[in-house]
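Heads up, start-v8.tsv below (TSV, C-alpha atoms):
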```tsv
chain	number	residue	atom	x	y	z
A	12	MET	CA	13.03	25.86	13.81
A	13	GLN	CA	9.48	24.87	12.98
A	14	TYR	CA	8.05	21.60	14.31
A	15	ARG	CA	5.40	19.36	12.79
A	16	ASP	CA	3.14	16.51	13.85
A	17	PHE	CA	4.88	13.21	13.19
A	18	GLY	CA	2.00	11.07	11.99
A	19	ARG	CA	-0.03	9.42	14.73
A	20	THR	CA	2.95	9.18	17.13
A	21	GLY	CA	2.07	12.38	19.03
A	22	ILE	CA	5.64	13.62	18.54
A	23	LYS	CA	6.48	17.14	17.37
A	24	MET	CA	9.43	16.72	15.01
A	25	SER	CA	11.73	19.38	13.57
A	26	ALA	CA	10.98	20.06	9.90
A	27	LEU	CA	14.68	19.55	9.16
A	28	GLY	CA	16.33	16.26	10.02
A	29	PHE	CA	20.05	15.48	10.04
A	30	GLY	CA	21.01	12.87	7.44
A	31	ALA	CA	24.20	11.09	8.54
A	32	MET	CA	25.04	9.32	5.29
A	33	ARG	CA	27.50	11.96	4.06
A	34	LEU	CA	29.44	12.90	7.18
A	35	PRO	CA	32.78	14.68	6.57
A	36	HIS	CA	35.72	12.41	5.80
A	37	GLU	CA	39.48	12.68	6.26
A	38	GLU	CA	42.39	10.84	4.71
A	39	LYS	CA	44.49	8.71	7.08
A	40	ASP	CA	47.23	6.37	5.87
A	41	GLY	CA	45.75	6.43	2.39
A	42	VAL	CA	42.28	5.48	3.65
A	43	SER	CA	39.27	7.81	3.67
A	44	ARG	CA	37.34	7.57	6.93
A	45	ILE	CA	34.72	9.63	8.74
A	46	ASN	CA	36.21	12.57	10.62
A	47	THR	CA	34.61	11.75	13.96
A	48	GLU	CA	35.48	14.97	15.78
A	49	GLU	CA	34.27	17.26	12.99
A	50	SER	CA	31.14	15.16	12.42
A	51	ILE	CA	30.16	15.38	16.09
A	52	ARG	CA	30.78	19.13	16.08
A	53	ILE	CA	28.47	19.57	13.07
A	54	ILE	CA	25.79	17.25	14.47
A	55	HIS	CA	25.81	19.05	17.82
A	56	ARG	CA	25.42	22.41	16.09
A	57	SER	CA	22.30	21.14	14.34
A	58	PHE	CA	20.90	20.02	17.69
A	59	GLU	CA	21.68	23.40	19.23
A	60	LEU	CA	19.70	25.05	16.40
A	61	GLY	CA	16.62	22.90	17.02
A	62	VAL	CA	17.03	19.76	14.89
A	63	ASN	CA	15.65	16.83	16.91
A	64	TYR	CA	15.71	13.99	14.32
A	65	ILE	CA	18.85	12.24	13.10
A	66	ASP	CA	18.92	9.47	10.51
A	67	THR	CA	21.63	6.88	9.92
A	68	ALA	CA	21.83	3.23	8.78
A	69	PHE	CA	23.80	0.03	9.28
A	70	GLY	CA	24.93	0.33	5.66
A	71	TYR	CA	26.51	3.78	6.08
A	72	GLY	CA	29.91	2.49	7.19
A	73	GLU	CA	30.90	3.90	10.60
A	74	SER	CA	28.04	6.40	10.62
A	75	GLU	CA	26.08	4.59	13.34
A	76	ILE	CA	29.13	4.55	15.61
A	77	VAL	CA	29.76	8.28	15.14
A	78	VAL	CA	26.08	9.16	15.58
A	79	GLY	CA	26.02	7.12	18.78
A	80	LYS	CA	28.93	9.13	20.15
A	81	ALA	CA	27.24	12.39	19.18
A	82	LEU	CA	24.06	11.36	21.01
A	83	ARG	CA	25.62	10.59	24.38
A	84	LYS	CA	24.69	13.92	25.94
A	85	TRP	CA	21.59	14.50	23.77
A	86	LYS	CA	19.68	11.21	23.61
A	87	LYS	CA	16.79	12.37	25.79
A	88	ARG	CA	16.12	15.31	23.45
A	89	ILE	CA	16.79	13.72	20.05
A	90	TYR	CA	14.86	11.08	18.10
A	91	LEU	CA	17.15	8.46	16.58
A	92	SER	CA	16.36	6.79	13.27
A	93	THR	CA	18.41	3.98	11.77
A	94	LYS	CA	17.86	1.25	9.18
A	95	VAL	CA	18.31	-2.49	9.04
A	96	PRO	CA	19.09	-4.37	5.80
A	97	VAL	CA	16.55	-7.18	5.43
A	98	TRP	CA	16.92	-8.06	1.75
A	99	ASN	CA	19.54	-10.78	2.43
A	100	MET	CA	17.97	-12.28	5.56
A	101	GLU	CA	17.12	-15.97	5.36
A	102	LYS	CA	15.94	-16.65	8.92
A	103	ARG	CA	13.74	-14.71	11.33
A	104	LYS	CA	16.37	-14.74	14.08
A	105	GLU	CA	18.73	-12.67	11.90
A	106	PHE	CA	16.52	-9.65	12.52
A	107	ARG	CA	17.13	-9.78	16.28
A	108	GLN	CA	20.84	-10.43	15.77
A	109	LYS	CA	21.20	-7.35	13.57
A	110	LEU	CA	19.15	-5.21	15.96
A	111	GLU	CA	21.37	-6.14	18.90
A	112	GLU	CA	24.47	-5.42	16.83
A	113	GLN	CA	23.13	-1.98	15.91
A	114	LEU	CA	22.21	-1.16	19.50
A	115	GLY	CA	25.81	-1.91	20.37
A	116	ARG	CA	27.23	0.19	17.55
A	117	LEU	CA	25.02	3.11	18.52
A	118	GLY	CA	25.62	2.66	22.24
A	119	VAL	CA	21.92	3.05	23.08
A	120	SER	CA	19.33	0.92	24.85
A	121	SER	CA	16.56	1.69	22.35
A	122	ILE	CA	16.00	3.03	18.83
A	123	ASP	CA	13.15	5.45	18.23
A	124	PHE	CA	12.49	4.68	14.55
A	125	TYR	CA	13.81	1.40	13.18
A	126	HIS	CA	13.51	1.29	9.39
A	127	LEU	CA	13.36	-1.73	7.12
A	128	HIS	CA	15.95	-0.34	4.73
A	129	GLY	CA	15.18	0.25	1.06
A	130	ILE	CA	12.46	-2.37	0.78
A	131	SER	CA	10.57	-3.03	-2.42
A	132	TYR	CA	7.13	-4.63	-2.40
A	133	GLU	CA	8.83	-7.87	-3.46
A	134	ILE	CA	11.11	-7.75	-0.40
A	135	PHE	CA	8.13	-6.86	1.77
A	136	GLU	CA	6.29	-9.96	0.55
A	137	ASN	CA	9.17	-12.44	0.33
A	138	LYS	CA	11.26	-11.40	3.31
A	139	VAL	CA	9.30	-9.26	5.78
A	140	LYS	CA	6.00	-11.16	5.68
A	141	LYS	CA	7.29	-14.60	4.74
A	142	LEU	CA	9.90	-14.63	7.53
A	143	LYS	CA	7.56	-12.71	9.86
A	144	LEU	CA	10.21	-10.06	10.47
A	145	HIS	CA	7.50	-7.61	11.48
A	146	LYS	CA	6.49	-10.03	14.24
A	147	GLU	CA	10.08	-10.06	15.45
A	148	ALA	CA	10.02	-6.25	15.40
A	149	MET	CA	6.80	-6.22	17.45
A	150	LYS	CA	8.47	-8.47	20.02
A	151	ALA	CA	11.43	-6.06	20.24
A	152	MET	CA	8.97	-3.18	20.67
A	153	ASP	CA	7.31	-4.99	23.56
A	154	GLU	CA	10.76	-5.25	25.16
A	155	GLY	CA	11.43	-1.54	24.63
A	156	LEU	CA	14.32	-2.06	22.19
A	157	ILE	CA	12.40	-0.38	19.35
A	158	LYS	CA	9.85	2.34	19.83
A	159	HIS	CA	8.49	2.54	16.28
A	160	LEU	CA	8.82	0.40	13.14
A	161	SER	CA	9.32	2.27	9.87
A	162	PHE	CA	10.43	1.62	6.30
A	163	SER	CA	12.31	3.34	3.50
A	164	SER	CA	11.74	2.57	-0.15
A	165	HIS	CA	12.93	3.42	-3.65
A	166	ASP	CA	10.29	1.23	-5.29
A	167	LYS	CA	7.71	2.51	-7.78
A	168	PRO	CA	4.99	4.68	-6.19
A	169	SER	CA	2.33	2.05	-6.95
A	170	MET	CA	4.38	-0.55	-5.07
A	171	ILE	CA	4.95	1.79	-2.11
A	172	MET	CA	1.15	2.21	-2.00
A	173	LYS	CA	0.79	-1.57	-1.68
A	174	ILE	CA	3.26	-1.64	1.22
A	175	LEU	CA	1.23	1.10	2.90
A	176	GLU	CA	-2.01	-0.81	2.37
A	177	GLU	CA	-0.65	-4.00	3.95
A	178	GLY	CA	1.79	-2.57	6.50
A	179	ASP	CA	-0.49	-1.14	9.15
A	180	PHE	CA	2.28	-1.66	11.73
A	181	PHE	CA	4.48	1.14	10.32
A	182	SER	CA	4.73	4.54	12.06
A	183	SER	CA	6.71	6.38	9.38
A	184	MET	CA	7.86	6.15	5.79
A	185	LEU	CA	11.04	7.49	4.19
A	186	CYS	CA	11.00	8.19	0.45
A	187	GLN	CA	12.52	10.41	-2.22
A	188	TYR	CA	10.92	13.75	-3.08
A	189	ASN	CA	12.29	16.97	-4.56
A	190	LEU	CA	11.86	19.50	-7.34
A	191	LEU	CA	13.29	17.04	-9.87
A	192	ASP	CA	11.36	13.99	-8.69
A	193	ARG	CA	7.74	14.36	-7.56
A	194	ALA	CA	6.59	10.84	-8.44
A	195	ASN	CA	5.86	9.86	-4.82
A	196	GLU	CA	3.31	12.59	-4.09
A	197	ASP	CA	0.29	10.25	-4.16
A	198	ALA	CA	2.04	7.69	-1.94
A	199	MET	CA	3.02	10.45	0.48
A	200	GLU	CA	-0.58	11.63	0.72
A	201	ALA	CA	-1.77	8.05	1.25
A	202	ALA	CA	0.70	7.63	4.12
A	203	TYR	CA	-0.36	10.92	5.68
A	204	ARG	CA	-4.04	9.94	5.50
A	205	LYS	CA	-3.24	6.70	7.34
A	206	GLY	CA	-1.42	8.57	10.10
A	207	ILE	CA	1.98	7.37	8.89
A	208	ALA	CA	4.58	10.16	9.14
A	209	VAL	CA	6.30	11.08	5.87
A	210	VAL	CA	10.04	11.73	5.95
A	211	VAL	CA	11.66	12.92	2.74
A	212	MET	CA	15.19	12.09	1.63
A	213	GLY	CA	17.06	13.94	-1.10
A	214	PRO	CA	15.21	17.27	-0.76
A	215	VAL	CA	18.00	18.94	-2.73
A	216	GLY	CA	18.08	16.11	-5.27
A	217	GLY	CA	21.11	14.42	-3.71
A	218	GLY	CA	23.06	17.62	-4.31
A	219	ARG	CA	22.03	17.89	-7.97
A	220	LEU	CA	20.13	21.13	-7.44
A	221	THR	CA	23.09	22.94	-5.90
A	222	SER	CA	24.82	23.44	-9.25
A	223	SER	CA	22.30	25.79	-10.91
A	224	ASP	CA	20.64	29.04	-9.92
A	225	LEU	CA	18.22	28.92	-12.86
A	226	LEU	CA	15.17	28.16	-10.73
A	227	VAL	CA	16.05	30.89	-8.25
A	228	ARG	CA	16.10	33.38	-11.11
A	229	GLY	CA	12.67	32.11	-12.08
A	230	MET	CA	11.42	33.04	-8.60
A	231	LYS	CA	12.45	36.65	-9.23
A	232	GLY	CA	14.29	37.30	-6.00
A	233	ASN	CA	11.92	35.54	-3.58
A	234	VAL	CA	14.66	33.14	-2.37
A	235	ARG	CA	18.43	33.43	-2.02
A	236	THR	CA	19.82	30.06	-3.13
A	237	THR	CA	18.73	26.93	-4.97
A	238	PRO	CA	19.18	24.68	-1.91
A	239	GLU	CA	16.93	27.06	0.02
A	240	LEU	CA	14.34	26.95	-2.74
A	241	ALA	CA	14.52	23.14	-2.92
A	242	LEU	CA	14.08	22.71	0.83
A	243	ARG	CA	11.26	25.23	1.07
A	244	PHE	CA	9.52	23.54	-1.87
A	245	VAL	CA	9.59	20.17	-0.08
A	246	LEU	CA	8.36	21.68	3.19
A	247	SER	CA	5.49	23.39	1.35
A	248	ASN	CA	3.98	19.95	0.82
A	249	PRO	CA	1.41	19.43	3.61
A	250	TRP	CA	2.08	15.66	3.71
A	251	VAL	CA	5.73	16.11	4.73
A	252	SER	CA	6.72	15.92	8.39
A	253	VAL	CA	10.52	16.00	8.03
A	254	ALA	CA	13.03	16.62	5.26
A	255	ILE	CA	16.38	15.02	6.00
A	256	SER	CA	19.46	16.60	4.48
A	257	GLY	CA	22.91	15.04	4.38
A	258	MET	CA	24.96	17.84	5.94
A	259	ASN	CA	28.75	17.72	6.18
A	260	THR	CA	29.74	21.33	6.84
A	261	MET	CA	28.78	23.89	9.45
A	262	GLU	CA	27.68	26.22	6.65
A	263	MET	CA	25.20	23.65	5.33
A	264	VAL	CA	23.72	23.23	8.80
A	265	GLU	CA	23.32	26.98	9.30
A	266	GLU	CA	21.79	27.52	5.85
A	267	ASN	CA	19.38	24.58	6.01
A	268	VAL	CA	18.19	25.47	9.50
A	269	ARG	CA	17.55	29.02	8.34
A	270	ALA	CA	15.47	27.78	5.39
A	271	ALA	CA	13.57	25.23	7.50
A	272	SER	CA	12.76	27.89	10.11
A	273	ILE	CA	10.69	29.96	7.70
A	274	ARG	CA	7.14	29.34	8.89
A	275	ARG	CA	5.51	29.63	5.47
A	276	PRO	CA	8.09	27.88	3.26
A	277	LEU	CA	6.55	28.99	-0.05
A	278	THR	CA	3.19	30.62	-0.66
A	279	LYS	CA	0.70	29.27	-3.19
A	280	ALA	CA	1.53	32.23	-5.43
A	281	GLN	CA	5.25	31.42	-5.25
A	282	LEU	CA	4.64	27.74	-5.97
A	283	SER	CA	2.42	28.67	-8.88
A	284	SER	CA	5.11	31.01	-10.22
A	285	LEU	CA	7.75	28.28	-9.89
A	286	GLU	CA	5.61	25.64	-11.58
A	287	GLU	CA	4.72	28.01	-14.41
A	288	PHE	CA	8.42	28.76	-14.94
A	289	ILE	CA	9.26	25.04	-15.07
A	290	ARG	CA	6.24	24.27	-17.26
A	291	GLU	CA	7.25	26.95	-19.76
A	292	ARG	CA	10.81	25.66	-19.98
A	293	LYS	CA	9.57	22.09	-20.37
A	294	SER	CA	7.27	23.04	-23.21
A	295	LYS	CA	10.18	24.56	-25.10
A	296	LYS	CA	13.06	22.28	-24.20
A	297	GLU	CA	12.02	18.97	-22.61
A	298	ILE	CA	12.36	15.63	-24.32
A	299	PRO	CA	8.97	14.08	-23.34
A	300	CYS	CA	10.51	10.81	-22.13
A	301	THR	CA	8.63	9.16	-19.23
A	302	SER	CA	11.37	6.55	-18.58
A	303	CYS	CA	8.87	3.77	-19.32
A	304	GLU	CA	11.78	1.87	-20.98
A	305	TYR	CA	9.61	0.43	-23.75
A	306	CYS	CA	12.51	1.38	-26.03
A	307	MET	CA	14.84	-0.89	-24.10
A	308	PRO	CA	16.91	-2.93	-24.36
A	309	CYS	CA	18.70	-1.17	-27.18
A	310	PRO	CA	20.55	-3.67	-29.45
A	311	ARG	CA	23.66	-1.51	-29.07
A	312	GLY	CA	23.21	-0.87	-25.36
A	313	VAL	CA	22.51	2.85	-25.67
A	314	ALA	CA	21.15	4.09	-22.31
A	315	ILE	CA	18.27	5.98	-23.93
A	316	PRO	CA	16.07	6.95	-20.93
A	317	GLN	CA	19.10	7.88	-18.80
A	318	ILE	CA	20.55	10.05	-21.56
A	319	PHE	CA	17.24	11.84	-22.10
A	320	GLN	CA	16.92	12.47	-18.36
A	321	LEU	CA	20.39	14.03	-18.27
A	322	MET	CA	19.56	16.18	-21.29
A	323	ASN	CA	16.43	17.42	-19.50
A	324	TYR	CA	18.47	18.24	-16.41
A	325	ALA	CA	20.69	20.40	-18.62
A	326	THR	CA	18.02	22.16	-20.66
A	327	VAL	CA	15.04	22.45	-18.30
A	328	TYR	CA	16.82	22.92	-14.96
A	329	GLY	CA	20.12	24.43	-16.11
A	330	LEU	CA	22.18	21.59	-14.59
A	331	LYS	CA	24.60	21.52	-17.53
A	332	GLU	CA	27.84	20.62	-15.76
A	333	LEU	CA	26.17	17.89	-13.74
A	334	ALA	CA	24.57	16.42	-16.88
A	335	ARG	CA	27.86	16.46	-18.79
A	336	SER	CA	29.71	14.86	-15.90
A	337	ARG	CA	27.19	12.05	-15.52
A	338	TYR	CA	26.99	11.51	-19.27
A	339	GLY	CA	30.74	11.08	-19.36
A	340	LYS	CA	30.48	8.34	-16.73
A	341	ILE	CA	27.95	6.19	-18.62
A	342	ALA	CA	29.63	2.82	-19.07
A	343	SER	CA	28.84	-0.87	-19.37
A	344	THR	CA	29.26	-3.26	-16.45
A	345	ASP	CA	29.66	-7.01	-16.28
A	346	LYS	CA	25.89	-7.38	-16.07
A	347	VAL	CA	24.50	-4.41	-18.00
A	348	LYS	CA	25.51	-2.98	-21.35
A	349	ARG	CA	25.17	0.82	-21.27
A	350	GLU	CA	26.59	3.07	-23.96
A	351	LYS	CA	26.54	6.77	-24.81
A	352	ALA	CA	24.46	8.19	-27.64
A	353	ASP	CA	27.25	7.96	-30.23
A	354	SER	CA	26.91	4.15	-30.17
A	355	CYS	CA	23.51	4.45	-31.86
A	356	VAL	CA	23.51	2.85	-35.35
A	357	GLU	CA	20.09	4.35	-36.19
A	358	CYS	CA	18.36	0.99	-36.59
A	359	GLY	CA	15.05	2.57	-35.56
A	360	ALA	CA	13.91	-0.33	-33.34
A	361	CYS	CA	13.39	2.02	-30.39
A	362	GLU	CA	11.26	4.54	-32.26
A	363	LYS	CA	8.73	1.87	-33.24
A	364	LYS	CA	8.16	1.05	-29.55
A	365	CYS	CA	8.10	4.57	-28.06
A	366	PRO	CA	4.56	5.44	-26.81
A	367	GLN	CA	5.50	9.15	-26.77
A	368	LYS	CA	6.46	9.00	-30.47
A	369	ILE	CA	9.82	10.65	-29.73
A	370	GLY	CA	12.23	11.01	-32.63
A	371	ILE	CA	14.79	9.08	-30.59
A	372	ILE	CA	17.50	8.93	-33.25
A	373	ARG	CA	17.36	12.69	-33.81
A	374	GLU	CA	17.30	13.44	-30.08
A	375	LEU	CA	20.25	11.15	-29.37
A	376	ARG	CA	22.33	13.06	-31.91
A	377	LYS	CA	21.44	16.33	-30.14
A	378	CYS	CA	22.23	14.83	-26.74
A	379	HIS	CA	25.69	13.67	-27.74
A	380	LYS	CA	26.49	16.98	-29.38
A	381	SER	CA	25.47	18.85	-26.21
A	382	LEU	CA	26.72	16.48	-23.52
A	383	GLY	CA	29.52	14.52	-25.19
```

Would you mind writing the file out in structure tokens?
Amino acid sequence: MQYRDFGRTGIKMSALGFGAMRLPHEEKDGVSRINTEESIRIIHRSFELGVNYIDTAFGYGESEIVVGKALRKWKKRIYLSTKVPVWNMEKRKEFRQKLEEQLGRLGVSSIDFYHLHGISYEIFENKVKKLKLHKEAMKAMDEGLIKHLSFSSHDKPSMIMKILEEGDFFSSMLCQYNLLDRANEDAMEAAYRKGIAVVVMGPVGGGRLTSSDLLVRGMKGNVRTTPELALRFVLSNPWVSVAISGMNTMEMVEENVRAASIRRPLTKAQLSSLEEFIRERKSKKEIPCTSCEYCMPCPRGVAIPQIFQLMNYATVYGLKELARSRYGKIASTDKVKREKADSCVECGACEKKCPQKIGIIRELRKCHKSLG
């Protein structure tokens, strides 16, 4: 296993972290629950192979409880990361109440990296700063209950940058980054420059990249599998300290540790070759949609940007089965009207607003024929 500097903390962290959101489940009395014994066995194997960072959250069901059990004989050698939901807090004291509850669930006296979970800049302003939750976190740090305050975010990169600018009390940041989604690169560099460690979630695209070997073929034999390529791509980014992968089988642990142990994940020549391969496919097949949503809302509820993204997954990255499956699941909810491409009545309202000048009506027909 290779180890990297973890921001300004002085810690050497394993390049691969264990993500405990997708622990193996079992069916008992008609209810699906985490298989505690198997989960602990898998987690311990990752520790034995050199992983020293494990990530869970209050919102992951019983994950914290299982992780706590797995840590009992390993806590002195492993760095524990968990997350606290702050979006629904109304009073400052709720932060301390939730922290104490999580310490109990985990069965530990302190948490190494305590994340404000999935915060947007709006939540940062209206909850964290307004309720002074960061002050409450600092108090807990003084008492030794928290060692470092961190945050995770799915907000727009520009908004993550604003959190970084104003949140000088953070030690690490958790964000999405993979071959399919590179939008956060500038925010990741900004964090790195400030001494804030960058942890990446979804390095294999939340499992999306496992269903195609197209990109591996583009590498011409330099890597064995797409998950290996995806992980090595993420770890080739100099701003990344840790890539956390949600592992639920022993095979996944063994394979990911092998990939993360390669000292030079991908060379500049390999990255150049990969980017050229993707660029060439995009030039021939990609619908140039930037998901700006200027075309929305569609009068008929057609999920235009989502459909175009799925079509690009199929044509550019070879993720055909995934794209078809997700297209088939597009449906309206009580709050949002979302329809497949065959609901388009060709009114043309969207095409007038598209800054990319996409022939949306024509492309929607192609999408439905391919994915429907």

Let me make sure I understand: among A:Lys346, A:Lys377, A:Lys140, A:Arg193, which one has the smallest atom-to-atom distance to Phe180 in chain A if we use only C-alpha atoms? A:Lys140

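For Leu225 in chain A, the list of residues within 9 Å, based on only C-alpha atoms and with local chain neighbours fewer than 3 positions off taken out, reads Arg228, Gly229, Thr237, Tyr328, Gly329 and Leu330 of chain A.
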
If we draw a sphere of 10 Å around (3.7, 15.8, 5.0), which residues have at least one atom in it when counting only C-alpha atoms? Please report them as a PyMOL selection string. chain A and resi 15-18+26+196+199-200+202-204+207-211+245-254

One decimal, Å: what's the distance from CA of Asn63 in chain A over to CA of Ile255 in chain A, could you say? 11.1 Å

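Proximity ranking of A:Leu114, A:Val347, A:Val264, A:Leu375 relative to Pro316 in chain A places A:Leu375 first, based on all atoms listed in the file.
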
Show which residues sit within 9 Å of Cys378 in chain A, as a list in words. Count only C-alpha atoms, and ignore same-chain residues fewer than 4 positions away. Ile318, Phe319, Leu321, Met322, Ala352, Arg373, Glu374, Leu382 and Gly383 of chain A

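Atom pair CA of Cys186 in chain A / CA of His165 in chain A: separated by 6.6 Å.
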
Skipping near chain neighbours, those fewer than 4 positions away, what residues fall within 8 Å of range 169-179 of chain A using only C-alpha atoms, listed as number ranges by chain? A: 131-132, 135, 164, 198, 201-202

Any chance you could work out the axis-aligned box around range 347-353 of chain A, listed atoms only, 3 Å on each side, giving centre and edge lengths in Å to one decimal, as lines of an AutoDock Vina configuration file?
```
center_x = 25.9
center_y = 1.9
center_z = -24.1
size_x = 8.8
size_y = 18.6
size_z = 18.2
```

Can you list, as an NGL selection string, every protein, DNA or RNA residue that comes within 10 Å of range 36-46 of chain A when you count all atoms listed in the file, leaving out same-chain residues fewer than 4 positions away? :A and (50-51 or 72-74 or 77 or 259)
